[in-house]
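Colleague: Sharing start-v5.pdb here; it has PDB, C-alpha atoms.
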ATOM      1  CA  MET A1265      -0.363  14.418  18.249
ATOM      2  CA  LYS A1266      -1.374  14.524  14.645
ATOM      3  CA  LYS A1267      -0.641  11.330  12.793
ATOM      4  CA  VAL A1268       2.400  11.266  10.629
ATOM      5  CA  LEU A1269       0.747  10.189   7.430
ATOM      6  CA  SER A1270      -1.919  12.837   7.541
ATOM      7  CA  ILE A1271       0.737  15.485   8.007
ATOM      8  CA  ILE A1272       2.604  14.153   5.030
ATOM      9  CA  VAL A1273      -0.530  13.973   2.927
ATOM     10  CA  LEU A1274      -1.499  17.506   3.876
ATOM     11  CA  PHE A1275       2.037  18.678   3.367
ATOM     12  CA  THR A1276       2.357  17.041  -0.002
ATOM     13  CA  ALA A1277      -1.086  18.286  -0.980
ATOM     14  CA  PHE A1278      -0.503  21.895  -0.156
ATOM     15  CA  ALA A1279       3.211  22.574  -0.050
ATOM     16  CA  GLY A1280       4.978  23.494  -3.234
ATOM     17  CA  SER A1281       2.734  24.038  -6.187
ATOM     18  CA  MET A1282       5.570  23.457  -8.654
ATOM     19  CA  ASN A1283       5.447  19.660  -8.610
ATOM     20  CA  ALA A1284       1.837  18.682  -8.533
ATOM     21  CA  GLN A1285       2.141  14.962  -9.061
ATOM     22  CA  LYS A1286       1.288  13.293  -5.785
ATOM     23  CA  PHE A1287      -0.506   9.985  -5.965
ATOM     24  CA  PHE A1288      -2.560   8.510  -3.184
ATOM     25  CA  THR A1289      -4.897   5.744  -2.089
ATOM     26  CA  ARG A1290      -6.522   4.911   1.212
ATOM     27  CA  SER A1291      -7.500   1.391   0.130
ATOM     28  CA  GLY A1292      -4.247  -0.375  -0.735
ATOM     29  CA  HIS A1293      -4.288  -4.158  -0.419
ATOM     30  CA  VAL A1294      -1.627  -5.896   1.659
ATOM     31  CA  HIS A1295      -1.648  -9.663   1.883
ATOM     32  CA  PHE A1296       0.702 -11.940   3.763
ATOM     33  CA  PHE A1297       1.224 -15.613   3.501
ATOM     34  CA  SER A1298       3.025 -18.101   5.693
ATOM     35  CA  ASP A1299       3.517 -21.433   4.001
ATOM     36  CA  THR A1300       4.632 -24.497   5.977
ATOM     37  CA  LYS A1301       4.016 -28.235   5.829
ATOM     38  CA  MET A1302       1.881 -27.918   8.962
ATOM     39  CA  GLU A1303      -0.466 -25.166   7.829
ATOM     40  CA  ASP A1304      -0.949 -22.132   5.636
ATOM     41  CA  ILE A1305      -1.686 -18.858   7.345
ATOM     42  CA  GLU A1306      -2.741 -15.812   5.406
ATOM     43  CA  ALA A1307      -4.447 -12.497   5.984
ATOM     44  CA  ASP A1308      -5.597  -9.468   4.028
ATOM     45  CA  ASN A1309      -5.709  -5.787   4.781
ATOM     46  CA  HIS A1310      -7.582  -3.553   2.340
ATOM     47  CA  LYS A1311      -7.087  -0.313   4.212
ATOM     48  CA  ALA A1312      -3.448   0.585   3.617
ATOM     49  CA  SER A1313      -2.672   4.238   2.882
ATOM     50  CA  VAL A1314      -0.120   4.769   0.144
ATOM     51  CA  VAL A1315       1.349   8.106  -0.958
ATOM     52  CA  LEU A1316       3.821   8.417  -3.822
ATOM     53  CA  ASP A1317       5.494  11.569  -5.002
ATOM     54  CA  GLY A1318       5.653  11.248  -8.779
ATOM     55  CA  ALA A1319       8.526  13.702  -8.998
ATOM     56  CA  THR A1320      10.897  12.576  -6.242
ATOM     57  CA  GLY A1321       9.810   8.954  -5.828
ATOM     58  CA  GLN A1322       9.236   9.371  -2.093
ATOM     59  CA  VAL A1323       6.774   6.733  -0.962
ATOM     60  CA  GLU A1324       4.940   6.163   2.300
ATOM     61  CA  ILE A1325       2.770   3.226   3.199
ATOM     62  CA  ALA A1326       0.904   2.833   6.469
ATOM     63  CA  LEU A1327      -1.521   0.237   7.703
ATOM     64  CA  LEU A1328      -3.332  -0.764  10.850
ATOM     65  CA  ILE A1329      -2.398  -4.190  12.206
ATOM     66  CA  LYS A1330      -5.891  -4.767  13.560
ATOM     67  CA  ALA A1331      -7.358  -4.291  10.080
ATOM     68  CA  PHE A1332      -5.814  -7.586   8.913
ATOM     69  CA  GLU A1333      -8.579 -10.121   8.351
ATOM     70  CA  PHE A1334      -7.862 -13.829   8.768
ATOM     71  CA  GLU A1335     -10.022 -16.737   7.798
ATOM     72  CA  LYS A1336     -10.099 -17.936  11.403
ATOM     73  CA  ALA A1337     -10.969 -15.636  14.291
ATOM     74  CA  LEU A1338      -8.540 -17.485  16.549
ATOM     75  CA  MET A1339      -5.614 -16.893  14.183
ATOM     76  CA  GLN A1340      -6.496 -13.213  14.104
ATOM     77  CA  GLU A1341      -6.509 -13.107  17.911
ATOM     78  CA  HIS A1342      -3.147 -14.832  18.206
ATOM     79  CA  PHE A1343      -1.652 -12.612  15.511
ATOM     80  CA  ASN A1344      -2.754  -9.450  17.321
ATOM     81  CA  GLU A1345      -2.192 -10.503  20.905
ATOM     82  CA  ASN A1346       0.794 -12.864  20.884
ATOM     83  CA  TYR A1347       2.852 -11.826  17.884
ATOM     84  CA  MET A1348       2.206  -8.262  16.716
ATOM     85  CA  GLU A1349       1.049  -6.929  20.119
ATOM     86  CA  SER A1350      -1.155  -4.538  18.203
ATOM     87  CA  ASP A1351      -2.500  -2.788  21.306
ATOM     88  CA  THR A1352       1.014  -1.447  21.834
ATOM     89  CA  TYR A1353       2.067  -1.251  18.168
ATOM     90  CA  PRO A1354      -1.121  -0.535  16.190
ATOM     91  CA  LYS A1355       0.599   0.381  12.901
ATOM     92  CA  ALA A1356       3.139  -0.803  10.402
ATOM     93  CA  THR A1357       4.770   1.746   8.119
ATOM     94  CA  PHE A1358       7.141   1.847   5.186
ATOM     95  CA  LYS A1359       8.971   5.019   4.212
ATOM     96  CA  GLY A1360      11.258   4.981   1.258
ATOM     97  CA  LYS A1361      12.199   6.157  -2.153
ATOM     98  CA  VAL A1362      11.706   4.755  -5.626
ATOM     99  CA  GLU A1363      15.055   4.805  -7.399
ATOM    100  CA  ASN A1364      15.187   6.576 -10.738
ATOM    101  CA  MET A1365      11.640   7.875 -10.439
ATOM    102  CA  SER A1366      12.430  10.734 -12.807
ATOM    103  CA  ALA A1367      13.054   8.193 -15.595
ATOM    104  CA  ILE A1368       9.393   7.149 -15.498
ATOM    105  CA  ASP A1369       6.955   9.081 -17.656
ATOM    106  CA  LEU A1370       3.746   9.116 -15.629
ATOM    107  CA  LYS A1371       1.813  10.679 -18.479
ATOM    108  CA  LYS A1372       2.410   7.681 -20.719
ATOM    109  CA  ASP A1373       0.871   4.245 -20.161
ATOM    110  CA  GLY A1374       3.427   1.545 -19.471
ATOM    111  CA  THR A1375       4.873  -0.874 -16.943
ATOM    112  CA  HIS A1376       8.076  -0.158 -15.046
ATOM    113  CA  ASN A1377      10.133  -2.346 -12.760
ATOM    114  CA  VAL A1378      11.623  -0.318  -9.949
ATOM    115  CA  LYS A1379      13.759  -0.684  -6.872
ATOM    116  CA  VAL A1380      12.502   0.861  -3.650
ATOM    117  CA  ILE A1381      14.857   1.478  -0.749
ATOM    118  CA  GLY A1382      13.462   2.418   2.610
ATOM    119  CA  GLU A1383      12.634   1.582   6.193
ATOM    120  CA  LEU A1384       9.990  -0.857   7.321
ATOM    121  CA  THR A1385       8.657  -0.365  10.832
ATOM    122  CA  MET A1386       6.474  -2.807  12.715
ATOM    123  CA  HIS A1387       6.224  -4.205  16.208
ATOM    124  CA  GLY A1388       8.286  -1.178  17.293
ATOM    125  CA  VAL A1389      11.313  -2.212  15.225
ATOM    126  CA  THR A1390      12.649  -0.422  12.134
ATOM    127  CA  ASN A1391      14.753  -2.185   9.506
ATOM    128  CA  LYS A1392      16.260  -1.023   6.268
ATOM    129  CA  VAL A1393      14.804  -2.899   3.312
ATOM    130  CA  THR A1394      15.206  -2.983  -0.455
ATOM    131  CA  ILE A1395      12.164  -4.048  -2.414
ATOM    132  CA  GLU A1396      11.612  -4.777  -6.087
ATOM    133  CA  ALA A1397       8.295  -3.380  -7.281
ATOM    134  CA  THR A1398       6.290  -2.758 -10.421
ATOM    135  CA  ILE A1399       4.554   0.477 -11.301
ATOM    136  CA  LYS A1400       1.950   0.208 -14.006
ATOM    137  CA  VAL A1401       0.787   3.486 -15.460
ATOM    138  CA  ALA A1402      -2.658   3.362 -17.066
ATOM    139  CA  GLY A1403      -4.981   6.278 -17.708
ATOM    140  CA  GLY A1404      -3.244   8.509 -15.173
ATOM    141  CA  LYS A1405      -3.547   5.902 -12.424
ATOM    142  CA  LEU A1406      -0.589   4.028 -10.956
ATOM    143  CA  THR A1407      -0.957   0.410  -9.969
ATOM    144  CA  CYS A1408       1.917  -0.514  -7.698
ATOM    145  CA  THR A1409       2.619  -4.130  -6.867
ATOM    146  CA  THR A1410       5.404  -5.812  -4.965
ATOM    147  CA  LYS A1411       6.286  -9.047  -3.259
ATOM    148  CA  PHE A1412       8.901  -9.292  -0.525
ATOM    149  CA  TYR A1413       9.716 -11.410   2.493
ATOM    150  CA  VAL A1414       9.765 -10.548   6.167
ATOM    151  CA  VAL A1415      11.562 -12.550   8.848
ATOM    152  CA  PRO A1416       9.531 -12.284  12.102
ATOM    153  CA  GLU A1417      12.654 -12.402  14.286
ATOM    154  CA  ASP A1418      14.034  -9.296  12.518
ATOM    155  CA  TYR A1419      11.140  -7.412  14.106
ATOM    156  CA  LYS A1420      11.550  -8.992  17.561
ATOM    157  CA  ILE A1421       8.463 -11.116  17.005
ATOM    158  CA  THR A1422       9.068 -14.211  19.096
ATOM    159  CA  ILE A1423       7.496 -17.422  18.007
ATOM    160  CA  PRO A1424       7.331 -20.136  20.694
ATOM    161  CA  ASN A1425       9.081 -23.410  19.844
ATOM    162  CA  THR A1426       5.803 -25.307  20.097
ATOM    163  CA  VAL A1427       4.421 -23.542  17.013
ATOM    164  CA  ARG A1428       7.696 -22.758  15.267
ATOM    165  CA  ASP A1429       6.981 -25.425  12.639
ATOM    166  CA  ASN A1430       3.565 -23.907  11.891
ATOM    167  CA  ILE A1431       4.901 -20.497  10.934
ATOM    168  CA  ALA A1432       7.201 -19.913   7.988
ATOM    169  CA  SER A1433      10.664 -18.548   8.747
ATOM    170  CA  LYS A1434      10.078 -15.997   6.001
ATOM    171  CA  ILE A1435       6.629 -14.513   5.563
ATOM    172  CA  GLU A1436       5.644 -13.540   2.027
ATOM    173  CA  VAL A1437       4.121 -10.064   1.766
ATOM    174  CA  ASN A1438       2.235  -8.823  -1.287
ATOM    175  CA  VAL A1439       1.220  -5.225  -1.826
ATOM    176  CA  ASP A1440      -1.213  -4.163  -4.517
ATOM    177  CA  ALA A1441      -2.376  -0.549  -4.611
ATOM    178  CA  THR A1442      -3.920   1.637  -7.276
ATOM    179  CA  LEU A1443      -3.039   5.282  -6.701
ATOM    180  CA  GLU A1444      -4.858   8.263  -8.099
ATOM    181  CA  GLU A1445      -3.490  11.731  -8.488
ATOM    182  CA  LEU A1446      -4.219  13.809  -5.440
ATOM    183  CA  LYS A1447      -6.541  16.659  -6.393
ATOM    184  CA  LYS A1448      -5.831  19.961  -4.768
TER     185      LYS A1448
ATOM    186  CA  MET B1247     -10.052 -48.894  38.852
ATOM    187  CA  LYS B1248      -8.537 -49.214  35.407
ATOM    188  CA  LYS B1249     -11.978 -48.672  33.878
ATOM    189  CA  ILE B1250     -12.448 -45.413  35.764
ATOM    190  CA  VAL B1251      -9.073 -44.100  34.625
ATOM    191  CA  ILE B1252      -9.846 -44.961  31.005
ATOM    192  CA  THR B1253     -13.309 -43.390  31.223
ATOM    193  CA  VAL B1254     -11.847 -40.193  32.702
ATOM    194  CA  LEU B1255      -9.165 -40.103  30.029
ATOM    195  CA  VAL B1256     -11.686 -40.596  27.221
ATOM    196  CA  ILE B1257     -13.998 -37.903  28.602
ATOM    197  CA  GLY B1258     -11.014 -35.577  29.018
ATOM    198  CA  LEU B1259      -9.872 -36.239  25.474
ATOM    199  CA  LEU B1260     -13.356 -35.707  24.008
ATOM    200  CA  GLY B1261     -13.758 -32.519  26.013
ATOM    201  CA  GLY B1262     -10.381 -31.322  24.781
ATOM    202  CA  LEU B1263     -11.246 -32.108  21.181
ATOM    203  CA  ALA B1264     -14.613 -30.387  21.468
ATOM    204  CA  THR B1265     -12.964 -27.271  22.910
ATOM    205  CA  ALA B1266     -10.261 -27.312  20.242
ATOM    206  CA  PHE B1267     -12.915 -27.724  17.544
ATOM    207  CA  TYR B1268     -14.941 -24.855  18.959
ATOM    208  CA  MET B1269     -11.872 -22.610  19.268
ATOM    209  CA  TRP B1270     -10.741 -23.425  15.746
ATOM    210  CA  ASN B1271     -14.149 -22.551  14.320
ATOM    211  CA  LYS B1272     -14.804 -19.677  16.656
ATOM    212  CA  PRO B1273     -16.974 -17.212  14.755
ATOM    213  CA  LYS B1274     -15.480 -13.892  13.744
ATOM    214  CA  ARG B1275     -16.170 -11.019  15.999
ATOM    215  CA  THR B1276     -18.538  -8.519  14.373
ATOM    216  CA  ALA B1277     -19.905  -5.249  15.667
ATOM    217  CA  ALA B1278     -23.478  -6.499  15.216
ATOM    218  CA  ASP B1279     -23.061  -8.970  18.100
ATOM    219  CA  GLU B1280     -21.764  -6.539  20.695
ATOM    220  CA  ALA B1281     -22.836  -3.367  22.453
ATOM    221  CA  ALA B1282     -20.933  -0.169  21.690
ATOM    222  CA  VAL B1283     -18.611   1.240  24.368
ATOM    223  CA  ALA B1284     -19.184   4.738  23.001
ATOM    224  CA  THR B1285     -21.679   6.559  20.805
ATOM    225  CA  LEU B1286     -20.369   9.708  19.152
ATOM    226  CA  SER B1287     -20.248  11.692  15.919
ATOM    227  CA  ALA B1288     -17.771  10.855  13.154
ATOM    228  CA  ASP B1289     -16.253  14.300  13.606
ATOM    229  CA  ASP B1290     -15.833  13.848  17.364
ATOM    230  CA  LEU B1291     -14.121  10.457  16.914
ATOM    231  CA  TYR B1292     -11.832  11.782  14.189
ATOM    232  CA  MET B1293     -10.900  14.893  16.193
ATOM    233  CA  GLN B1294     -10.124  12.855  19.308
ATOM    234  CA  TYR B1295      -7.771  10.762  17.168
ATOM    235  CA  SER B1296      -6.176  13.798  15.497
ATOM    236  CA  GLU B1297      -5.537  15.514  18.786
ATOM    237  CA  ASN B1298      -4.226  12.575  20.773
ATOM    238  CA  GLU B1299      -3.881   9.271  19.005
ATOM    239  CA  GLY B1300      -2.484   7.423  22.025
ATOM    240  CA  GLN B1301      -5.326   8.484  24.267
ATOM    241  CA  ALA B1302      -7.951   7.755  21.605
ATOM    242  CA  ASN B1303      -6.460   4.297  21.078
ATOM    243  CA  LYS B1304      -6.714   3.656  24.814
ATOM    244  CA  ALA B1305     -10.384   4.560  24.720
ATOM    245  CA  TYR B1306     -11.431   2.950  21.427
ATOM    246  CA  LEU B1307      -8.852   0.574  19.925
ATOM    247  CA  ASP B1308     -10.342  -2.881  19.329
ATOM    248  CA  LYS B1309     -13.619  -1.736  20.893
ATOM    249  CA  ILE B1310     -17.056  -1.295  19.361
ATOM    250  CA  VAL B1311     -17.941   2.319  18.635
ATOM    251  CA  GLN B1312     -21.201   3.675  17.278
ATOM    252  CA  VAL B1313     -20.614   6.613  14.982
ATOM    253  CA  SER B1314     -23.097   9.030  13.436
ATOM    254  CA  GLY B1315     -22.325  11.079  10.365
ATOM    255  CA  VAL B1316     -23.069  11.986   6.787
ATOM    256  CA  VAL B1317     -22.031   9.586   4.017
ATOM    257  CA  ALA B1318     -19.210  11.183   1.986
ATOM    258  CA  SER B1319     -18.743   8.252  -0.379
ATOM    259  CA  THR B1320     -19.221   4.518  -0.691
ATOM    260  CA  ASP B1321     -17.006   1.843  -2.162
ATOM    261  CA  THR B1322     -16.520  -1.900  -2.408
ATOM    262  CA  ASP B1323     -13.074  -3.249  -1.562
ATOM    263  CA  GLU B1324     -11.222  -6.026  -3.405
ATOM    264  CA  ALA B1325     -12.598  -8.579  -0.958
ATOM    265  CA  GLY B1326     -16.127  -7.555  -1.947
ATOM    266  CA  LEU B1327     -16.831  -5.820   1.367
ATOM    267  CA  ASP B1328     -18.819  -2.588   1.382
ATOM    268  CA  VAL B1329     -17.057   0.510   2.672
ATOM    269  CA  VAL B1330     -18.907   3.652   3.783
ATOM    270  CA  TYR B1331     -16.935   6.850   4.404
ATOM    271  CA  LEU B1332     -18.351   9.371   6.858
ATOM    272  CA  GLU B1333     -17.530  13.078   6.638
ATOM    273  CA  THR B1334     -15.653  14.996   9.302
ATOM    274  CA  SER B1335     -14.816  18.688   9.539
ATOM    275  CA  ASP B1336     -11.246  17.911   8.363
ATOM    276  CA  ILE B1337     -10.896  18.065   4.577
ATOM    277  CA  MET B1338      -8.584  15.029   4.407
ATOM    278  CA  GLY B1339      -9.978  12.913   7.194
ATOM    279  CA  MET B1340     -13.005  10.654   7.268
ATOM    280  CA  VAL B1341     -14.278   7.731   9.277
ATOM    281  CA  SER B1342     -13.997   4.684   7.058
ATOM    282  CA  CYS B1343     -16.403   1.858   7.913
ATOM    283  CA  THR B1344     -15.753  -1.517   6.304
ATOM    284  CA  PHE B1345     -18.854  -3.671   6.646
ATOM    285  CA  ALA B1346     -18.938  -7.296   7.757
ATOM    286  CA  LYS B1347     -19.163 -10.022   5.135
ATOM    287  CA  ASP B1348     -22.641 -10.321   3.584
ATOM    288  CA  ASN B1349     -23.673  -7.089   5.277
ATOM    289  CA  HIS B1350     -24.632  -4.613   2.559
ATOM    290  CA  PRO B1351     -25.858  -1.266   3.847
ATOM    291  CA  ASN B1352     -28.375   0.504   1.663
ATOM    292  CA  VAL B1353     -27.060   4.055   1.922
ATOM    293  CA  ALA B1354     -26.382   6.902  -0.496
ATOM    294  CA  VAL B1355     -23.995   9.833  -0.448
ATOM    295  CA  GLY B1356     -25.469  12.604   1.704
ATOM    296  CA  ASN B1357     -27.493  10.260   3.958
ATOM    297  CA  ALA B1358     -27.238  10.789   7.711
ATOM    298  CA  VAL B1359     -26.438   7.381   9.153
ATOM    299  CA  GLU B1360     -25.302   5.652  12.305
ATOM    300  CA  VAL B1361     -22.757   2.842  11.991
ATOM    301  CA  LYS B1362     -21.357   0.477  14.605
ATOM    302  CA  GLY B1363     -17.905  -1.037  14.029
ATOM    303  CA  ILE B1364     -14.679  -2.300  15.593
ATOM    304  CA  CYS B1365     -12.214   0.579  15.858
ATOM    305  CA  THR B1366      -8.786  -0.370  14.472
ATOM    306  CA  GLY B1367      -7.090   3.038  14.777
ATOM    307  CA  ILE B1368      -6.208   5.926  12.484
ATOM    308  CA  LEU B1369      -4.213   6.370   9.264
ATOM    309  CA  THR B1370      -5.568   9.218   7.158
ATOM    310  CA  ASP B1371      -9.007   8.063   8.297
ATOM    311  CA  VAL B1372     -10.239   6.454  11.474
ATOM    312  CA  VAL B1373     -10.845   2.868  10.363
ATOM    313  CA  LEU B1374     -13.747   0.715  11.570
ATOM    314  CA  THR B1375     -14.058  -2.931  10.533
ATOM    315  CA  GLN B1376     -16.793  -5.599  10.769
ATOM    316  CA  SER B1377     -19.314  -2.765  10.761
ATOM    317  CA  THR B1378     -23.078  -2.823  10.694
ATOM    318  CA  LEU B1379     -25.669  -0.132   9.981
ATOM    319  CA  VAL B1380     -27.647   0.931  13.056
ATOM    320  CA  HIS B1381     -29.801   3.371  11.075
TER     321      HIS B1381
END
Could you rewrite the structure in this file as structure tokens?
Modeller:
Amino acid sequence: MKKVLSIIVLFTAFAGSMNAQKFFTRSGHVHFFSDTKMEDIEADNHKASVVLDGATGQVEIALLIKAFEFEKALMQEHFNENYMESDTYPKATFKGKVENMSAIDLKKDGTHNVKVIGELTMHGVTNKVTIEATIKVAGGKLTCTTKFYVVPEDYKITIPNTVRDNIASKIEVNVDATLEELKK
Amino acid sequence: MKKIVITVLVIGLLGGLATAFYMWNKPKRTAADEAAVATLSADDLYMQYSENEGQANKAYLDKIVQVSGVVASTDTDEAGLDVVYLETSDIMGMVSCTFAKDNHPNVAVGNAVEVKGICTGILTDVVLTQSTLVH
């Protein structure tokens, strides 16, 4: 089984020579933050793959759950074993579309606020989400940033009552990725 | 009798605190501290993942693998960690090795190297974290 993202990357790289503008990074940064009175929990992942079709606005993000780094080893263990069950669900993905992509001139430097509608999959559960994001065009590179919130229960992530107060009911997620045009 | 109970309770409490303290400050797992479960080429690892991700995950996910290959490129991520990409026979795919904190490998593009890291799965590349240079 060939992984989905690679197929898409290969497909987007080689199919259709008429619209060349595909942007890509393999080192997108995803950060999440849980803020409660009891404790702050945060983690970073610098290995997210992001592909954006400059013509259609199709976007795909994928990351490996085990590549999230926490400050404390124990938190990382609990995150993987008790909550995300990353042996069974090793990836999280987002597939969606940037609205009004055609209105953005990717040849001209500038900052654009966009709406992205798509499906977020993690822990084996897929939900429809709408995300506000910013695309900054500078020197042919696209820096995409967004902040949105995820409710663990929406993804069937059960948090025991004993630690319910230590984990925010909504987890803040930040994405920050600089995409370069995919060379053929 | 009362004294014994109190002593036992205090010892129990101290033991509990010590364990909690140790657990809380448990050092991060890095590849340098553990033996590899498998030694193989970057191409072999990547191909096993391309052909059957589920099976490859069963064999390697969260385990230490030692991978040999040629350095395709190097990078430093936003967290300041060094990343070494190893070539495979697939034009899109590589084995990406993110090094452990304060572990800076002295390698250049084209070098033949051997890297040990924790396998976290595959996206476009097979991703290793907390890596260390073997040679």
Colleague: Please identify every residue of chain B that has at least one atom no more than 7 Å from any atom of chain A, counting all atoms listed in the file, and report them as an MDAnalysis selection string.
Modeller: chainID B and resid 1269:1274 1296:1299 1323 1366:1367 1369:1370 1375
Colleague: Which residues, named as in the file, does the PyMOL selection byres ((chain A and resi 1380) around 8) pick out? Answer as a PyMOL selection string.
Modeller: chain A and resi 1360-1363+1378-1379+1381-1382+1394-1397
Colleague: Taking all atoms listed in the file into account, which of A:Cys1408, A:Val1401, A:Met1348, A:Ala1441 comes nearest A:Ile1423?
Modeller: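 Among the listed residues, the smallest separation from A:Ile1423 belongs to A:Met1348.
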Colleague: May I ask which of the residues B:Val1317, B:Leu1259, B:Val1372, B:Ile1310 is the closest one to B:Gln1294, counting only C-alpha atoms?
Modeller: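 Closest residue, counting only C-alpha atoms: B:Val1372.
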Colleague: Under the PyMOL selection byres ((chain B and resi 1334) around 8), which residues of this model are included? Write them out as a list in words.
Modeller: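 Applying the expression gives Ala1288, Asp1289, Tyr1292, Gly1315, Leu1332, Glu1333, Ser1335, Asp1336, Ile1337, Gly1339, Met1340 and Val1341 of chain B.
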Colleague: Just to confirm, what's the straight-line distance from atom CA of B:Lys1304 to atom CA of B:Leu1286 in Å (one decimal)?
Modeller: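 Separation between atom CA of B:Lys1304 and atom CA of B:Leu1286: 16.0 Å.
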Colleague: Go through the shown structure with the PyMOL selection byres ((chain A and resi 1368) around 12) and write out the matching residues as a PDB file with C-alpha atoms, in the frame of the given file.
Modeller:
ATOM      1  CA  GLY A1318       5.653  11.248  -8.779  1.00  0.00           C
ATOM      2  CA  ALA A1319       8.526  13.702  -8.998  1.00  0.00           C
ATOM      3  CA  THR A1320      10.897  12.576  -6.242  1.00  0.00           C
ATOM      4  CA  GLY A1321       9.810   8.954  -5.828  1.00  0.00           C
ATOM      5  CA  VAL A1362      11.706   4.755  -5.626  1.00  0.00           C
ATOM      6  CA  GLU A1363      15.055   4.805  -7.399  1.00  0.00           C
ATOM      7  CA  ASN A1364      15.187   6.576 -10.738  1.00  0.00           C
ATOM      8  CA  MET A1365      11.640   7.875 -10.439  1.00  0.00           C
ATOM      9  CA  SER A1366      12.430  10.734 -12.807  1.00  0.00           C
ATOM     10  CA  ALA A1367      13.054   8.193 -15.595  1.00  0.00           C
ATOM     11  CA  ASP A1369       6.955   9.081 -17.656  1.00  0.00           C
ATOM     12  CA  LEU A1370       3.746   9.116 -15.629  1.00  0.00           C
ATOM     13  CA  LYS A1371       1.813  10.679 -18.479  1.00  0.00           C
ATOM     14  CA  LYS A1372       2.410   7.681 -20.719  1.00  0.00           C
ATOM     15  CA  ASP A1373       0.871   4.245 -20.161  1.00  0.00           C
ATOM     16  CA  GLY A1374       3.427   1.545 -19.471  1.00  0.00           C
ATOM     17  CA  THR A1375       4.873  -0.874 -16.943  1.00  0.00           C
ATOM     18  CA  HIS A1376       8.076  -0.158 -15.046  1.00  0.00           C
ATOM     19  CA  ASN A1377      10.133  -2.346 -12.760  1.00  0.00           C
ATOM     20  CA  VAL A1378      11.623  -0.318  -9.949  1.00  0.00           C
ATOM     21  CA  THR A1398       6.290  -2.758 -10.421  1.00  0.00           C
ATOM     22  CA  ILE A1399       4.554   0.477 -11.301  1.00  0.00           C
ATOM     23  CA  LYS A1400       1.950   0.208 -14.006  1.00  0.00           C
ATOM     24  CA  VAL A1401       0.787   3.486 -15.460  1.00  0.00           C
ATOM     25  CA  LEU A1406      -0.589   4.028 -10.956  1.00  0.00           C
TER      26      LEU A1406
END
Colleague: Please, which residues are within 10 Å of (9.3, -11.9, 12.0) by the file's coordinates, counting all atoms listed in the file, and could they come as number ranges by chain?
Modeller: A: 1347-1348, 1386-1387, 1413-1423, 1431-1435
Colleague: I'd like the interatomic distance between atom CA of A:Gln1285 and atom CA of B:Tyr1295, to a tenth of an Å.
Modeller: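 Computing the Euclidean distance for atom CA of A:Gln1285 and atom CA of B:Tyr1295 yields 28.4 Å.
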